[in-house]
Amino acid sequence: MRNLKAIFLLLLPLFGCFAQLENPDIALSHNLCGGTANCMPGALPLGLMQISGQNTFTVDFGDQPLLQPSTAVGPATVNTSLILGGAGIQLQNAASGDFSQVATISLLAAPSATTDCSATGSNCTVLADYDRARDGAANQSITLRGRGVDLITFISSTSHSMNLQLQASGTGPSGAWNADVSMDMGLKARANFP
């Protein structure tokens, strides 16, 4: 028995050491209009959805040390991923109507706040999308299918935020509206020790 312990201790450095943290259920929600007021006009054909006159909206992730692709912590290197599993859009006020006339909608990561993701060469990335033909008609909420994209690469290392944009087709709710956009993510951080 002693020999097995000695052999195991001799081979341990060959296996490498690491520590891993995983949380598959992280949710983040953002109100499009920044409150309870309706900022989106009703019954309009959808395209680039401008929110309060802006092409994009910004989601702040806060100053979290894990939200970088790779970070040195003492002798260890921490590699992090934040995978988007899906997203949702929930109409805030039922009196505004519903999303039944929305044909498609995509949630995109935009390189800057002024980017128009519908322009050729915009370098936007589709994070999640909905298609009425594929997913069925929506009502008060729309569920977007995630594309398994790692959000870490889109989060600014200085502002700790990400620019997002909504592109849609069809017609919006009949009355002026506001909605909450939610993102369901999975975090994985792994520290490798030399």
# chains A, B, ... in the order shown; residues from 1 in each chain; ligands from 1
call {"tool": "select_by_dssp", "arguments": {"residues": "range 8-162 of chain A", "states": "helix (DSSP H, G or I)", "output": "list in words"}}
result
Phe8, Leu9, Leu10, Leu11, Leu12, Pro13, Leu14, Phe15, Ala94, Ala95, Ser96, Arg132, Ala133, Arg134, Asp135, Leu151, Ile152, Thr153 and Phe154 of chain A
call {"tool": "write_last_selection", "arguments": {"atoms": "C-alpha atoms", "output": "PDB file, in the first residue's frame"}}
result
ATOM      1  CA  PHE A   8       0.871   8.369  -6.910  1.00  0.00           C
ATOM      2  CA  LEU A   9       2.806  11.238  -5.278  1.00  0.00           C
ATOM      3  CA  LEU A  10       5.584  10.921  -7.869  1.00  0.00           C
ATOM      4  CA  LEU A  11       3.107  11.023 -10.770  1.00  0.00           C
ATOM      5  CA  LEU A  12       0.930  13.863  -9.391  1.00  0.00           C
ATOM      6  CA  PRO A  13       2.993  16.694 -10.960  1.00  0.00           C
ATOM      7  CA  LEU A  14       2.538  15.095 -14.392  1.00  0.00           C
ATOM      8  CA  PHE A  15      -1.246  15.467 -14.149  1.00  0.00           C
ATOM      9  CA  ALA A  94     -49.796  44.075 -21.545  1.00  0.00           C
ATOM     10  CA  ALA A  95     -51.851  47.115 -22.606  1.00  0.00           C
ATOM     11  CA  SER A  96     -49.173  47.837 -25.259  1.00  0.00           C
ATOM     12  CA  ARG A 132     -41.648  32.766 -35.942  1.00  0.00           C
ATOM     13  CA  ALA A 133     -41.595  30.040 -38.637  1.00  0.00           C
ATOM     14  CA  ARG A 134     -39.160  27.959 -36.557  1.00  0.00           C
ATOM     15  CA  ASP A 135     -40.216  28.850 -33.000  1.00  0.00           C
ATOM     16  CA  LEU A 151     -19.591  36.861 -24.311  1.00  0.00           C
ATOM     17  CA  ILE A 152     -16.209  37.459 -22.617  1.00  0.00           C
ATOM     18  CA  THR A 153     -14.700  38.590 -25.923  1.00  0.00           C
ATOM     19  CA  PHE A 154     -17.371  41.322 -26.280  1.00  0.00           C
TER      20      PHE A 154
END
call {"tool": "select_by_dssp", "arguments": {"residues": "range 2-192 of chain A", "states": "strand (DSSP E or B)", "output": "NGL selection string"}}
result
:A and (17-31 or 40 or 45 or 48 or 51 or 54 or 57-60 or 70-73 or 76-91 or 102-109 or 125-131 or 141-146 or 150 or 161-171 or 177 or 179-192)
call {"tool": "residues_around", "arguments": {"residues": "Leu28 in chain A", "least_positions_apart": "5", "cutoff": "7 Å", "atoms": "only C-alpha atoms", "output": "MDAnalysis selection string"}}
result
chainID A and resid 182:184
call {"tool": "closest_residue", "arguments": {"among": "A:Ser157, A:Thr125, A:Thr80, A:Ser169", "to": "Leu108 in chain A", "atoms": "only C-alpha atoms"}}
result
A:Thr125
call {"tool": "closest_residue", "arguments": {"among": "A:Pro111, A:Gly146, A:Thr171, A:Asn93", "to": "Thr36 in chain A", "atoms": "only C-alpha atoms"}}
result
A:Asn93
call {"tool": "closest_atom_pairs", "arguments": {"of": "range 128-192 of chain A", "to": "range 99-107 of chain A", "cutoff": "10 Å", "atoms": "only C-alpha atoms", "output": "Markdown table"}}
result
| residue | atom | partner | partner_atom | distance |
| --- | --- | --- | --- | --- |
| A:Ala128 | CA | A:Leu107 | CA | 5.3 |
| A:Asp129 | CA | A:Ser106 | CA | 4.2 |
| A:Tyr130 | CA | A:Ile105 | CA | 5.2 |
| A:Asp131 | CA | A:Thr104 | CA | 4.5 |
| A:Arg132 | CA | A:Ala103 | CA | 5.2 |
| A:Ala133 | CA | A:Ala103 | CA | 7.6 |
| A:Arg134 | CA | A:Thr104 | CA | 9.7 |
| A:Asp135 | CA | A:Thr104 | CA | 9.7 |
| A:Gly136 | CA | A:Ser100 | CA | 9.4 |
| A:Ala137 | CA | A:Ser100 | CA | 5.6 |
| A:Ala138 | CA | A:Ser100 | CA | 4.9 |
| A:Asn139 | CA | A:Phe99 | CA | 5.0 |
| A:Gln140 | CA | A:Phe99 | CA | 6.1 |
| A:Ser141 | CA | A:Phe99 | CA | 6.9 |
| A:Ile142 | CA | A:Phe99 | CA | 7.3 |
| A:Thr143 | CA | A:Ile105 | CA | 9.7 |
| A:Leu144 | CA | A:Ser106 | CA | 7.6 |
| A:Arg145 | CA | A:Ser106 | CA | 9.3 |
| A:Gly146 | CA | A:Leu107 | CA | 9.2 |
| A:Leu164 | CA | A:Leu107 | CA | 6.8 |
| A:Gln165 | CA | A:Leu107 | CA | 5.9 |
| A:Leu166 | CA | A:Leu107 | CA | 4.9 |
| A:Gln167 | CA | A:Ser106 | CA | 5.2 |
| A:Ala168 | CA | A:Ile105 | CA | 4.1 |
| A:Ser169 | CA | A:Thr104 | CA | 5.2 |
| A:Gly170 | CA | A:Val102 | CA | 4.5 |
| A:Thr171 | CA | A:Gln101 | CA | 5.2 |
| A:Gly172 | CA | A:Val102 | CA | 6.2 |
| A:Pro173 | CA | A:Phe99 | CA | 5.6 |
| A:Ser174 | CA | A:Phe99 | CA | 8.9 |
| A:Val181 | CA | A:Leu107 | CA | 9.6 |
| A:Met183 | CA | A:Leu107 | CA | 10.0 |
